[in-house]
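A.B. asks: Let me give you the structure first, and then I'll get to my questions.
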Amino acid sequence: MSNCIYCNSSNAPGGSCHKSPTKYHVKHDQGKCSFCGSTNAPGGSCHRSPTKYHVVMVPGKCSYCGSTNAPGGSCHRSPSKSHVHGVFQ
Ligand SMILES: [Zn+2]
Ligand SMILES: [Zn+2]
Ligand SMILES: [Zn+2]
């Protein structure tokens, strides 16, 4: 388990955070949505994420859409419009 990237709290992602631009704790825990802590697949509807979709770090998959395509390919879920593997900013 990691801590919130904005306030270093160990509380679950999605809880109220006064340091975060989204107002909620954000954590980069592998296999869990960084914004809400759900273990759902990346790309599903998320109420806490600025992109409105779960963003989940899964080895070998795009964190935004769950595709196994190479990083940099066209992605409908990523704010940069490209697949991103691993930690995002
Ligand atoms: Zn926080
Ligand atoms: Zn989520
Ligand atoms: Zn993608």
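In the structure tokens, chains take letters A, B, ... by order of appearance, with residues numbered from 1 within each chain and ligands from 1 in the order shown.
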Residues at most 6 Å from ligand 1, using only C-alpha atoms and all ligand atoms? Could they come as a list in words?

C.D. replies: Cys4, Tyr6, Cys7, Ser9, Cys17, Lys19, Ser20 and His25 of chain A

A.B. asks: Report the closest atom pair, with its distance in Å rounded to one decimal, for each residue of chain A that has an atom no farther than 10 Å from ligand 3; count only C-alpha atoms and all ligand atoms, sort by chain and then rising residue number, and write it as CSV.

C.D. replies:
```
residue,atom,partner,partner_atom_place_in_ligand_line,distance
A:Pro42,CA,ligand 3,1 (Zn),8.7
A:Gly43,CA,ligand 3,1 (Zn),8.2
A:Val55,CA,ligand 3,1 (Zn),9.8
A:Lys61,CA,ligand 3,1 (Zn),7.9
A:Cys62,CA,ligand 3,1 (Zn),4.6
A:Ser63,CA,ligand 3,1 (Zn),6.5
A:Tyr64,CA,ligand 3,1 (Zn),4.9
A:Cys65,CA,ligand 3,1 (Zn),4.1
A:Gly66,CA,ligand 3,1 (Zn),6.1
A:Ser67,CA,ligand 3,1 (Zn),5.6
A:Thr68,CA,ligand 3,1 (Zn),8.2
A:Asn69,CA,ligand 3,1 (Zn),7.6
A:Ala70,CA,ligand 3,1 (Zn),8.8
A:Pro71,CA,ligand 3,1 (Zn),7.7
A:Gly72,CA,ligand 3,1 (Zn),8.5
A:Gly73,CA,ligand 3,1 (Zn),7.5
A:Ser74,CA,ligand 3,1 (Zn),7.0
A:Cys75,CA,ligand 3,1 (Zn),4.2
A:His76,CA,ligand 3,1 (Zn),6.5
A:Arg77,CA,ligand 3,1 (Zn),5.9
A:Ser78,CA,ligand 3,1 (Zn),6.0
A:Pro79,CA,ligand 3,1 (Zn),9.7
A:Ser80,CA,ligand 3,1 (Zn),9.7
A:Lys81,CA,ligand 3,1 (Zn),7.8
A:Ser82,CA,ligand 3,1 (Zn),6.2
A:His83,CA,ligand 3,1 (Zn),3.7
A:Val84,CA,ligand 3,1 (Zn),6.2
A:His85,CA,ligand 3,1 (Zn),8.2
```

A.B. asks: May I have the selected residues written with N, CA and C atoms, as a short mmCIF file (atom, residue, chain, number, x, y, z; two decimals), in the first residue's frame?

C.D. replies:
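Saved result, part21.cif, follows:
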```cif
data_model
loop_
_atom_site.label_atom_id
_atom_site.label_comp_id
_atom_site.auth_asym_id
_atom_site.auth_seq_id
_atom_site.Cartn_x
_atom_site.Cartn_y
_atom_site.Cartn_z
N PRO A 42 -9.39 -1.02 -15.76
CA PRO A 42 -9.22 0.35 -16.25
C PRO A 42 -10.20 0.63 -17.39
N GLY A 43 -10.68 1.88 -17.47
CA GLY A 43 -11.60 2.27 -18.55
C GLY A 43 -13.05 2.25 -18.12
N VAL A 55 -8.53 4.48 -13.62
CA VAL A 55 -7.14 4.43 -14.08
C VAL A 55 -6.41 3.45 -13.18
N LYS A 61 -0.33 -3.64 -19.36
CA LYS A 61 -1.57 -3.09 -19.92
C LYS A 61 -1.60 -1.58 -19.77
N CYS A 62 -2.38 -0.95 -20.67
CA CYS A 62 -2.58 0.49 -20.57
C CYS A 62 -3.32 0.83 -19.27
N SER A 63 -2.81 1.80 -18.52
CA SER A 63 -3.44 2.17 -17.25
C SER A 63 -4.81 2.81 -17.44
N TYR A 64 -5.06 3.33 -18.62
CA TYR A 64 -6.31 4.04 -18.87
C TYR A 64 -7.41 3.17 -19.48
N CYS A 65 -7.04 2.23 -20.35
CA CYS A 65 -8.08 1.46 -21.03
C CYS A 65 -7.91 -0.06 -20.88
N GLY A 66 -6.77 -0.51 -20.33
CA GLY A 66 -6.56 -1.94 -20.12
C GLY A 66 -6.10 -2.69 -21.36
N SER A 67 -5.89 -1.97 -22.45
CA SER A 67 -5.40 -2.61 -23.67
C SER A 67 -3.98 -3.10 -23.50
N THR A 68 -3.65 -4.19 -24.18
CA THR A 68 -2.28 -4.69 -24.14
C THR A 68 -1.45 -4.11 -25.28
N ASN A 69 -2.01 -3.17 -26.02
CA ASN A 69 -1.25 -2.52 -27.09
C ASN A 69 -0.07 -1.76 -26.49
N ALA A 70 0.91 -1.51 -27.33
CA ALA A 70 2.12 -0.84 -26.87
C ALA A 70 1.82 0.59 -26.42
N PRO A 71 2.59 1.09 -25.44
CA PRO A 71 2.45 2.49 -25.03
C PRO A 71 2.66 3.42 -26.21
N GLY A 72 1.90 4.52 -26.26
CA GLY A 72 2.06 5.48 -27.35
C GLY A 72 1.02 5.31 -28.44
N GLY A 73 0.37 4.13 -28.52
CA GLY A 73 -0.68 3.93 -29.50
C GLY A 73 -1.92 4.72 -29.14
N SER A 74 -2.82 4.91 -30.08
CA SER A 74 -4.01 5.72 -29.87
C SER A 74 -4.91 5.12 -28.78
N CYS A 75 -5.30 5.95 -27.80
CA CYS A 75 -6.11 5.50 -26.67
C CYS A 75 -7.28 6.45 -26.46
N HIS A 76 -8.50 5.90 -26.36
CA HIS A 76 -9.68 6.74 -26.20
C HIS A 76 -9.89 7.19 -24.76
N ARG A 77 -9.19 6.57 -23.81
CA ARG A 77 -9.42 6.87 -22.39
C ARG A 77 -8.36 7.79 -21.78
N SER A 78 -7.23 7.87 -22.42
CA SER A 78 -6.12 8.63 -21.86
C SER A 78 -6.22 10.11 -22.19
N PRO A 79 -5.92 11.00 -21.24
CA PRO A 79 -5.94 12.44 -21.54
C PRO A 79 -4.92 12.83 -22.59
N SER A 80 -3.85 12.04 -22.72
CA SER A 80 -2.83 12.34 -23.73
C SER A 80 -3.17 11.70 -25.07
N LYS A 81 -4.29 10.93 -25.10
CA LYS A 81 -4.76 10.24 -26.30
C LYS A 81 -3.86 9.09 -26.73
N SER A 82 -2.89 8.75 -25.88
CA SER A 82 -2.00 7.63 -26.16
C SER A 82 -2.02 6.66 -25.00
N HIS A 83 -1.86 5.35 -25.31
CA HIS A 83 -1.77 4.37 -24.25
C HIS A 83 -0.60 4.69 -23.32
N VAL A 84 -0.82 4.53 -22.03
CA VAL A 84 0.24 4.76 -21.04
C VAL A 84 0.34 3.53 -20.16
N HIS A 85 1.52 2.95 -20.09
CA HIS A 85 1.73 1.80 -19.22
C HIS A 85 2.43 2.25 -17.95
#
```

A.B. asks: Show me which residues sit within 9 Å of ligand 2 when counting only C-alpha atoms and all ligand atoms, and put them as a list in words.

C.D. replies: Pro13, Gly14, Lys32, Cys33, Ser34, Phe35, Cys36, Gly37, Ser38, Thr39, Asn40, Ala41, Pro42, Gly43, Gly44, Ser45, Cys46, His47, Arg48, Ser49, Lys52, Tyr53, His54, Val55 and Val56 of chain A

A.B. asks: Figure out the distance between atom CA of Val87 of chain A and atom CA of Lys23 of chain A, please, to one decimal in Å.

C.D. replies: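 So the two atoms, atom CA of Lys23 of chain A and atom CA of Val87 of chain A, lie 20.0 Å apart.
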
A.B. asks: Have a look at A:Pro50, A:His28, A:Thr22, A:Pro59 and name the one nearest to Ser2 of chain A; count only C-alpha atoms.

C.D. replies: A:His28

A.B. asks: If DSSP is run on the backbone, what residues of chain A are strand (DSSP E or B)? A reply as a list in words would be ideal.

C.D. replies: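 Filtering chain A to strand (DSSP E or B) leaves Ser16, Tyr24, Cys33, Ser45, Tyr53, Val56, Cys62, Ser74, Ser82 and His85 of chain A.
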
A.B. asks: What does the distance between atom CA of Met57 of chain A and atom CA of Gln30 of chain A come to in Å, to one decimal place?

C.D. replies: 5.0 Å

A.B. asks: Please report the interatomic distance between atom CA of Gly60 of chain A and atom CA of Asn11 of chain A in Å with one decimal.

C.D. replies: 27.2 Å
